[in-house]
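This report concerns only the one structure given below.
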Amino acid sequence: MTSNRPLLIPSPRTPDSHPAKPTMDVSENPEPNTSLNISSSSRRSLSSSSIQSKPSIRYGSRGADSEGAASQKEMNDEDVRMIHINDTRERFEFSGNSIRTTKYSIITFLPRNLFEQFHRVAYLYFLVIAVLNQLPQLAVFGRGVSVLPLAFVLLVTAVKDAYEDYRRHRSDRIENNRLASVFVNNHFEFKKWKDVQVGEIIKIEANEGIPCDMVLLSTSDPTGVAYVQTINLDGESNLKTRYAKQETLSKLPDKDRITGLIKCEKPNRNIYGFQAFMEIDGKRLSLGPSNIVLRGCELKNTHWALGVAVYAGRETKVMLNSSGAPSKRSRLETRMNYEIITLSLFLVALCSIVSLCAAVWLKRENDNLEDILFYRKKDYSEDEVENYKYYGWGLEIVFTFLMSIIVFQVMIPISLYISMELVRVGQAYFMIRDSHMYDEASNARFQCRALNINEDLGQIKYVFSDKTGTLTENKMEFQCASIWGVDYNGGRGSLERDQLEHNVQIDGIVLRPNMKVKADPDLLQLLKSEKDTNEGKHVHEFFLALAACNTIVPLVTDSSDRNVRLIDYQGESPDEQALVYAAAAYGFMLIERTSGHITIDIQGERQRFSVLGLHEFDSDRKRMSVILGCPDKTVKVFVKGADTTMFSVTDKRLNLNIIHATEAHIHAYSSLGLRTLVVGMRELTASEFEQWHSSFEAASTALIGRAALLRKVAGNIENNLIILGASGIEDKLQLGVPEAIDSLRTAGVQVWVLTGDKQETAISIGYSSKLLTRRMTQVLINSSSKESCRRSLEDAILMSKKLVNVSGDEHSIRGSSGDGMSSVALIIDGTSLVYILDSELEEKLFELANRCSVVLCCRVAPLQKAGIVALVKNRTTDMTLAIGDGANDVSMIQMADVGVGISGQEGRQAVMASDFAMGQFRFLVPLLLVHGHWNYQRMGYMILYNFYRNAVFVLILFWYVLFTCFTLTTAITEWSSMLYSIIYTAVPTIVVGVLDKDLSRMTLLTYPQLYGAGHRQECYNTKLFWLTMLDTLWQSVAVFFIPLFAYWGSTIDTSSIGDLWTLSVVILVNLHLAMDVIRWNWITHAAIWGSIIATWVCVIVIDAIPSLVGYWAIFDVMKTRPFWLCLLAIIIAAVTPRFCVKFLCQYYSPCDVQIAREGEKFGNLRVSSPVQIEMNPIMEHPRR
């Protein structure tokens, strides 16, 4: 009955199915509070593959299976590459194996880097200004001085980019120069990775990296299995199994000449798919994903492996997938562009005023231009008097306008951009070093992967979260089982010593599972004393299925006791690991797995089972199966999977009572939030096995529609099953999740959970995480047609409106605490979303969701998660954040305004695609409520301060122009103009932007309502901008006119009064900043007062250089009493209105933050205080 050669040819994964786990389906309705169940009679599940096949992204649509569709077309010579094994004649046809991840080369760095930098429109503006200043007719400042600010900013950014690219270049060089053993001239020799060619045979030793994508020919394992670790490819640390074909196992190139031809698909990004065939020794062998190892993987637990290179260098799958996450831009920076446009218009207005006034003045004084002060057409510097160049009235006006733009150029603050970058770096440093966001369990610190959106963390309104691995630990623990209709759940409170009693001894070495599992004492007793009973046989079959029906690889590791070895079960699914550890705890210990057999120690007796075939889990079938040749010569098929698919393939005539009892137990397990799997089996007759075997062979070697054929074969064998039972696995909530969700909702943040789990399990987790409360009215939408969805949504909207009328307050539905009397929770499944997303029903869904305090989406596919995020993002101006830990969360993370990855059990794909990464969900609270609030407050203030700082300087220059015949001369030296935004005032801005804190961490965490300041845009809005500009106007008047009137009629020169204006404006803007600093420290003191001192030093040094204009001016003017009186009068006059307005606003109309600051200062903020601090309501923003 068994085959001559063992078979283990897993069904190829569909391209879009990421590490698929047997997701449990549960069917439970939690304790009924007020529940509106809107569902149609028929229900069906949605697979992740069913929505990812169409070229255009349609979040809710179903499509054909992508692999199946791709494989319907036979590979012809145009679609494939032909590779001759051990023959590199086509070396010029294919890409070399050298990789390059750098952006620049020595030649291209300067032009390409400048091209990228000048994508910022402000840089183009300053470039035009610098070019205009080079023209003799428009030269206001020195030609070199006008270029320095832009050159400085470009240089700093270029140095940063060059350093980052140098690190990439160094990494590439190390990678390209690694050595690989390649078969050349009838022997193996070492070659650098960059010299490896397609078609060459490569030998990989244990723990070595794979230099290119290669098809396996043979391995050290006699059955051709190789174990690889793909952590560098997809972030998963568990071992994967790959196989060499039986026909090539015995071929060794140094003994037998290996020749042949491989026809494979052209290079593509699909790391889970591979379609090819190999012609060798007159045979045509099909190749699939299980026969190829990819660059970036490492060979583990296999002494050596031989393979032939099929894709090299930039054509390898890892390089084709090396594109980064989409670029995201801060909402605050985007909003800032509107203010920059406003300032640009204001600048044009100032220049227009100057040019129009100059036109009138030139007309009026046309007869006096020969010798008039400030304009003088005659040049008396030489013995022969000549005229300066005069271009006529019209051109003089044009030149005046352009010169005005040059003089007033600092109205647009070029230093703001580099200041923002430096502040973000500083903020990121403190976020990374925050010990409150350090995860000891995984030794993972917070990661800031995108520096340009720090301040967006302070304005998040919607949080979209995955469940498994994000809210839960994704560390599965076997809790209970239903076997043949009997519920064994006593293990949930039993001791762990029962598990430790079962050990295996081999050659004096004790083997023990690496994980402890709590065992049910009744079940242990049954296995030991009642083996031969009918009930005992079913229990035996159940645990045999758990131990055998999986792809787990047992690895033996050392322990502290030299006589004891630990078995570590490695696999792609945490569910499978938990089930295998549970089987071992009950005496069914998986010891060995090869491609042809498995060895299981059953109650101390080692038994070897032939693995005749295996159908891996896929998202269509939602189950997996293994065909075993048992020691008693029988052939059995064991199947495990989701209850929705398992009960449909059972033989209900045999055990209806068992099925009903199992369904009831699954319902109970789901109510407890457990993940469930159903286990079944049947014995195959000889004819059934032979029929399956021939069909399986034909499907495995098919070149057209291979995946679909394998699914059909699996479906034919997985029927008429006997239900053995079901398992209950607990995925515990992470520490602090309920408290974190409660804090976020109190802060006015809407938390939506998007999960692939079954509805009842998700609801149970919702209760335990405090996302759902017993006082909420649940709206359940489970529909299987578009019309049904429409009716369900309309009914739910009407119901929510009635609740509003009953409560009399619409906002009670969206209460900040989330547990109001009329709170509504929307629960919708992925099947319904198929008909809603990408249709006119989206608007109704958004209207309904907007009336709910909680939204829970179950059974959703990866692209549906992104579709839900897009639903909100495209219809509101609110900020969205998505958080997840697995590959199925990547699209959601990249769609949201802010993406957060959890370093979890499902690999690092979510982390690699995220903007920020951390170890636990609870860290979201300090990230948003503390760092997000600080970052938003600092950045908002810094932007307004930079506008004020530059505008006040420009207005002083403007007032001066009005009193100098509109000739654009300046009293402030060109060096002071240049240093104003670099040395005089830049450092304090950056220091305050990094270090200042308006409130302490404790206060922000104690009163989450304070986060609403970001929702209300209290730190940066149009009103604040215009108030700042009004204050700027007054301060510029004070700075300019007080010295002007004080020295009116005197003989003071322009350089002296220019130095007075320079010093006064620098002192003023730094004192303005000091008035707003909340947390002082020695660095802040040094920055602010040090900048003032540095300004004095610079002015003195500049005036001490004889070659510069204004030589010794500062020394002369400082000797006079009016100089010091003017400084004092300017400061008092300029800041007094601001001080008074600030006092009146904070005293009579304080905001939440100001109230909390006062409470901190006077010690009135106490958590236990019976007096509640009244916070402002969280106002909703208008829809787009």
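Chain labels follow the order of the structure tokens: the first chain is A, the next B, and so on; residue numbering restarts at 1 in every chain, and ligands are counted from 1 in their shown order.
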message: Env of range 847-859 of chain A: 8 Å cut, atoms = only C-alpha atoms, seq-sep filter 2 positions within chain, self excluded. Answer as a ChimeraX atom specification.
response: /A:45-46,750-759,762-763,771-772,793,796-797,800,813-815,818,823-831,843-845,861
*asked:* List as a ChimeraX atom specification the protein and nucleic acid residues near Val398 in chain A, meaning an atom at most 10 Å away when only C-alpha atoms are counted, but skip any in the same chain fewer than 6 places from it.
replied: /A:352,355-356,359,404
Pick out the residues sitting within 9 Å of Leu928 in chain A, and hand them over as a list in words; count only C-alpha atoms, and ignore anything fewer than 2 positions along from it in its own chain.
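Counting only the stated atoms, we get Leu457, Gly458, Gln459, Ile460, Leu744, Phe923, Leu924, Val925, Pro926, Val930, His931, Gly932, His933 and Tyr1011 of chain A.
Taking CA of Lys1023 in chain A and CA of Phe408 in chain A as endpoints, the distance between them is 24.3 Å.
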**Item:** Surrounding residues of Ala151 in chain A excluding itself and chain neighbours under 5 positions, 12 Å, only C-alpha atoms, as a PyMOL selection string
**Value:** chain A and resi 114+117+123+126-127+130+144-146+156-159+414-415+978
*Could you jot down the CA of Ala686 in chain A to CA of Ile598 in chain A separation for me, Å, one decimal place?*
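Value for the CA of Ala686 in chain A-CA of Ile598 in chain A distance: 21.4 Å.
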Shortest contact to Leu416 in chain A, candidates A:Ile836, A:Ser903, A:Ile340, A:Arg257, atoms counted only C-alpha atoms, goes to A:Ile340
*Mind the document's chain letters and residue numbers, and return as a PyMOL selection string the residues of range 400-580 of chain A that DSSP labels alpha helix (DSSP H).*
chain A and resi 400-407+414-432+497-500+521-529+534-548+574-580
Which of range 879-1053 of chain A fall in strand (DSSP E or B), as a ChimeraX atom specification: /A:879-884,898-902,904,907,916-918
Okay, now the selection with all heavy atoms, as a CSV table (one decimal), in the first residue's frame?
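That gives us again16.csv:
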chain,number,residue,atom,x,y,z
A,879,MET,N,-6.3,62.4,12.3
A,879,MET,CA,-5.1,61.6,12.1
A,879,MET,C,-5.4,60.1,12.5
A,879,MET,O,-6.1,59.8,13.4
A,879,MET,CB,-4.0,62.1,13.0
A,879,MET,CG,-3.5,63.5,12.6
A,879,MET,SD,-2.7,63.6,11.0
A,879,MET,CE,-1.2,62.6,11.4
A,880,THR,N,-4.8,59.2,11.7
A,880,THR,CA,-5.0,57.8,11.9
A,880,THR,C,-3.7,57.1,12.2
A,880,THR,O,-2.6,57.5,11.7
A,880,THR,CB,-5.6,57.1,10.7
A,880,THR,OG1,-4.8,57.3,9.5
A,880,THR,CG2,-7.0,57.7,10.4
A,881,LEU,N,-3.8,56.1,13.1
A,881,LEU,CA,-2.6,55.3,13.4
A,881,LEU,C,-3.0,53.8,13.4
A,881,LEU,O,-4.1,53.4,13.8
A,881,LEU,CB,-2.1,55.6,14.9
A,881,LEU,CG,-0.9,54.9,15.4
A,881,LEU,CD1,-0.1,55.8,16.3
A,881,LEU,CD2,-1.3,53.6,16.2
A,882,ALA,N,-2.2,53.0,12.7
A,882,ALA,CA,-2.4,51.6,12.6
A,882,ALA,C,-1.3,50.9,13.3
A,882,ALA,O,-0.1,51.2,13.2
A,882,ALA,CB,-2.5,51.1,11.2
A,883,ILE,N,-1.6,49.8,14.1
A,883,ILE,CA,-0.6,49.1,14.9
A,883,ILE,C,-0.8,47.6,14.7
A,883,ILE,O,-2.0,47.1,14.7
A,883,ILE,CB,-0.6,49.5,16.4
A,883,ILE,CG1,0.4,48.7,17.2
A,883,ILE,CG2,-2.0,49.3,17.0
A,883,ILE,CD1,0.6,49.2,18.6
A,884,GLY,N,0.2,46.9,14.4
A,884,GLY,CA,0.1,45.4,14.1
A,884,GLY,C,1.5,44.8,14.3
A,884,GLY,O,2.5,45.4,14.4
A,898,VAL,N,0.2,57.2,10.6
A,898,VAL,CA,1.3,56.8,11.4
A,898,VAL,C,1.2,55.3,11.5
A,898,VAL,O,0.1,54.7,11.8
A,898,VAL,CB,1.2,57.4,12.8
A,898,VAL,CG1,2.4,56.9,13.6
A,898,VAL,CG2,1.3,58.9,12.7
A,899,GLY,N,2.2,54.6,11.2
A,899,GLY,CA,2.3,53.1,11.3
A,899,GLY,C,3.2,52.7,12.4
A,899,GLY,O,4.3,53.1,12.5
A,900,VAL,N,2.7,51.8,13.3
A,900,VAL,CA,3.5,51.3,14.5
A,900,VAL,C,3.5,49.8,14.3
A,900,VAL,O,2.5,49.1,14.2
A,900,VAL,CB,2.8,51.7,15.8
A,900,VAL,CG1,3.7,51.1,17.0
A,900,VAL,CG2,2.8,53.2,15.9
A,901,GLY,N,4.8,49.2,14.4
A,901,GLY,CA,5.0,47.8,14.3
A,901,GLY,C,5.3,47.2,15.7
A,901,GLY,O,6.0,47.9,16.5
A,902,ILE,N,4.8,46.1,16.0
A,902,ILE,CA,5.1,45.4,17.3
A,902,ILE,C,6.1,44.3,17.0
A,902,ILE,O,5.9,43.5,16.1
A,902,ILE,CB,3.8,44.7,17.9
A,902,ILE,CG1,2.8,45.8,18.2
A,902,ILE,CG2,4.1,43.9,19.1
A,902,ILE,CD1,3.1,46.6,19.4
A,904,GLY,N,6.9,41.1,17.5
A,904,GLY,CA,6.2,40.0,18.1
A,904,GLY,C,6.7,38.7,17.6
A,904,GLY,O,7.8,38.5,17.2
A,907,GLY,N,7.3,37.5,13.3
A,907,GLY,CA,8.4,38.1,12.5
A,907,GLY,C,8.4,39.6,12.6
A,907,GLY,O,7.8,40.2,13.4
A,916,PHE,N,7.2,53.6,13.4
A,916,PHE,CA,7.7,53.4,14.8
A,916,PHE,C,7.5,52.0,15.2
A,916,PHE,O,6.6,51.3,14.7
A,916,PHE,CB,7.0,54.3,15.8
A,916,PHE,CG,7.0,55.8,15.4
A,916,PHE,CD1,6.0,56.4,14.7
A,916,PHE,CD2,8.1,56.6,15.8
A,916,PHE,CE1,6.0,57.7,14.4
A,916,PHE,CE2,8.1,57.9,15.4
A,916,PHE,CZ,7.1,58.5,14.7
A,917,ALA,N,8.4,51.5,16.0
A,917,ALA,CA,8.3,50.1,16.4
A,917,ALA,C,8.6,50.0,17.9
A,917,ALA,O,9.4,50.7,18.5
A,917,ALA,CB,9.3,49.2,15.7
A,918,MET,N,7.8,49.0,18.6
A,918,MET,CA,8.0,48.9,20.0
A,918,MET,C,7.6,47.4,20.4
A,918,MET,O,7.1,46.7,19.5
A,918,MET,CB,7.1,49.9,20.8
A,918,MET,CG,5.7,49.9,20.4
A,918,MET,SD,4.8,51.3,21.1
A,918,MET,CE,3.2,51.0,20.5
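Those residues that approach Ala714 in chain A to within 10 Å, counting only C-alpha atoms, are Ser11, Leu614, His615, Glu616, Arg621, Arg623, Met624, Ser625, Val626, Trp692, Ser695, Phe696 and Ala708 of chain A; same-chain residues fewer than 6 positions away are not listed.
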Residues just named, written with all heavy atoms as an mmCIF file, in the first residue's frame:
data_model
loop_
_atom_site.group_PDB
_atom_site.id
_atom_site.type_symbol
_atom_site.label_atom_id
_atom_site.label_comp_id
_atom_site.auth_asym_id
_atom_site.auth_seq_id
_atom_site.Cartn_x
_atom_site.Cartn_y
_atom_site.Cartn_z
ATOM 1 N N SER A 11 1.740 21.438 -0.576
ATOM 2 C CA SER A 11 1.026 22.260 -1.550
ATOM 3 C C SER A 11 1.676 23.628 -1.591
ATOM 4 O O SER A 11 1.924 24.223 -0.559
ATOM 5 C CB SER A 11 -0.436 22.403 -1.138
ATOM 6 O OG SER A 11 -1.016 21.130 -0.997
ATOM 7 N N LEU A 614 1.278 15.293 2.290
ATOM 8 C CA LEU A 614 0.891 16.359 3.203
ATOM 9 C C LEU A 614 0.315 17.519 2.401
ATOM 10 O O LEU A 614 0.907 17.951 1.416
ATOM 11 C CB LEU A 614 2.102 16.821 4.022
ATOM 12 C CG LEU A 614 1.854 17.872 5.116
ATOM 13 C CD1 LEU A 614 2.750 17.615 6.308
ATOM 14 C CD2 LEU A 614 2.092 19.280 4.598
ATOM 15 N N HIS A 615 -0.862 17.965 2.812
ATOM 16 C CA HIS A 615 -1.477 19.146 2.207
ATOM 17 C C HIS A 615 -1.424 20.263 3.238
ATOM 18 O O HIS A 615 -2.093 20.192 4.272
ATOM 19 C CB HIS A 615 -2.924 18.861 1.811
ATOM 20 C CG HIS A 615 -3.060 17.870 0.695
ATOM 21 N ND1 HIS A 615 -2.857 18.202 -0.620
ATOM 22 C CD2 HIS A 615 -3.366 16.546 0.712
ATOM 23 C CE1 HIS A 615 -3.040 17.129 -1.378
ATOM 24 N NE2 HIS A 615 -3.349 16.104 -0.595
ATOM 25 N N GLU A 616 -0.625 21.289 2.956
ATOM 26 C CA GLU A 616 -0.459 22.369 3.919
ATOM 27 C C GLU A 616 -1.717 23.208 4.044
ATOM 28 O O GLU A 616 -2.578 23.211 3.167
ATOM 29 C CB GLU A 616 0.721 23.274 3.520
ATOM 30 C CG GLU A 616 2.069 22.663 3.806
ATOM 31 C CD GLU A 616 3.195 23.679 3.643
ATOM 32 O OE1 GLU A 616 2.956 24.741 3.037
ATOM 33 O OE2 GLU A 616 4.301 23.405 4.122
ATOM 34 N N ARG A 621 -9.045 26.491 1.957
ATOM 35 C CA ARG A 621 -9.571 25.323 2.668
ATOM 36 C C ARG A 621 -9.673 25.550 4.171
ATOM 37 O O ARG A 621 -10.505 24.974 4.837
ATOM 38 C CB ARG A 621 -8.676 24.113 2.406
ATOM 39 C CG ARG A 621 -8.711 23.613 0.993
ATOM 40 C CD ARG A 621 -7.573 22.658 0.623
ATOM 41 N NE ARG A 621 -7.136 21.800 1.683
ATOM 42 C CZ ARG A 621 -5.926 21.879 2.261
ATOM 43 N NH1 ARG A 621 -5.070 22.791 1.867
ATOM 44 N NH2 ARG A 621 -5.580 21.049 3.221
ATOM 45 N N ARG A 623 -7.712 24.429 6.394
ATOM 46 C CA ARG A 623 -7.365 23.203 7.106
ATOM 47 C C ARG A 623 -6.110 22.616 6.479
ATOM 48 O O ARG A 623 -5.692 23.037 5.406
ATOM 49 C CB ARG A 623 -8.515 22.185 7.065
ATOM 50 C CG ARG A 623 -8.988 21.826 5.679
ATOM 51 C CD ARG A 623 -10.159 20.849 5.711
ATOM 52 N NE ARG A 623 -10.599 20.494 4.364
ATOM 53 C CZ ARG A 623 -11.618 21.079 3.731
ATOM 54 N NH1 ARG A 623 -12.308 22.027 4.334
ATOM 55 N NH2 ARG A 623 -11.941 20.702 2.503
ATOM 56 N N MET A 624 -5.500 21.666 7.173
ATOM 57 C CA MET A 624 -4.360 20.946 6.621
ATOM 58 C C MET A 624 -4.540 19.463 6.910
ATOM 59 O O MET A 624 -5.291 19.072 7.819
ATOM 60 C CB MET A 624 -3.043 21.449 7.213
ATOM 61 C CG MET A 624 -2.785 21.033 8.651
ATOM 62 S SD MET A 624 -1.069 21.299 9.149
ATOM 63 C CE MET A 624 -0.207 20.150 8.074
ATOM 64 N N SER A 625 -3.856 18.633 6.138
ATOM 65 C CA SER A 625 -4.008 17.192 6.319
ATOM 66 C C SER A 625 -2.683 16.497 6.045
ATOM 67 O O SER A 625 -1.840 17.006 5.309
ATOM 68 C CB SER A 625 -5.096 16.637 5.388
ATOM 69 O OG SER A 625 -4.777 16.888 4.035
ATOM 70 N N VAL A 626 -2.528 15.337 6.676
ATOM 71 C CA VAL A 626 -1.352 14.506 6.456
ATOM 72 C C VAL A 626 -1.826 13.066 6.288
ATOM 73 O O VAL A 626 -2.753 12.615 6.966
ATOM 74 C CB VAL A 626 -0.356 14.632 7.631
ATOM 75 C CG1 VAL A 626 -0.980 14.173 8.938
ATOM 76 C CG2 VAL A 626 0.912 13.845 7.345
ATOM 77 N N TRP A 692 -5.868 8.585 -4.683
ATOM 78 C CA TRP A 692 -5.301 9.859 -4.215
ATOM 79 C C TRP A 692 -3.854 10.008 -4.676
ATOM 80 O O TRP A 692 -3.436 11.089 -5.111
ATOM 81 C CB TRP A 692 -5.365 9.936 -2.688
ATOM 82 C CG TRP A 692 -4.508 11.068 -2.151
ATOM 83 C CD1 TRP A 692 -4.870 12.370 -2.037
ATOM 84 C CD2 TRP A 692 -3.151 10.983 -1.727
ATOM 85 N NE1 TRP A 692 -3.826 13.121 -1.556
ATOM 86 C CE2 TRP A 692 -2.742 12.293 -1.358
ATOM 87 C CE3 TRP A 692 -2.237 9.930 -1.622
ATOM 88 C CZ2 TRP A 692 -1.468 12.572 -0.883
ATOM 89 C CZ3 TRP A 692 -0.966 10.213 -1.151
ATOM 90 C CH2 TRP A 692 -0.574 11.518 -0.791
ATOM 91 N N SER A 695 -3.536 10.979 -8.275
ATOM 92 C CA SER A 695 -3.993 12.360 -8.457
ATOM 93 C C SER A 695 -2.985 13.352 -7.872
ATOM 94 O O SER A 695 -2.703 14.407 -8.450
ATOM 95 C CB SER A 695 -5.353 12.569 -7.796
ATOM 96 O OG SER A 695 -6.319 11.698 -8.329
ATOM 97 N N PHE A 696 -2.430 13.000 -6.730
ATOM 98 C CA PHE A 696 -1.462 13.872 -6.071
ATOM 99 C C PHE A 696 -0.196 14.015 -6.910
ATOM 100 O O PHE A 696 0.349 15.112 -7.070
ATOM 101 C CB PHE A 696 -1.137 13.302 -4.686
ATOM 102 C CG PHE A 696 -0.238 14.175 -3.852
ATOM 103 C CD1 PHE A 696 -0.707 15.368 -3.331
ATOM 104 C CD2 PHE A 696 1.073 13.809 -3.576
ATOM 105 C CE1 PHE A 696 0.107 16.174 -2.553
ATOM 106 C CE2 PHE A 696 1.894 14.612 -2.818
ATOM 107 C CZ PHE A 696 1.410 15.803 -2.288
ATOM 108 N N ALA A 708 -4.329 25.021 -7.951
ATOM 109 C CA ALA A 708 -5.748 24.678 -7.959
ATOM 110 C C ALA A 708 -5.948 23.168 -7.980
ATOM 111 O O ALA A 708 -6.839 22.634 -7.310
ATOM 112 C CB ALA A 708 -6.432 25.320 -9.168
#
For Phe963 in chain A, find every residue with an atom within 12 Å (counting only C-alpha atoms), except residues of its own chain fewer than 3 positions away, and show them as a PyMOL selection string. chain A and resi 354+357-358+361+373-374+956-960+966-971+1040-1041+1044+1048+1054
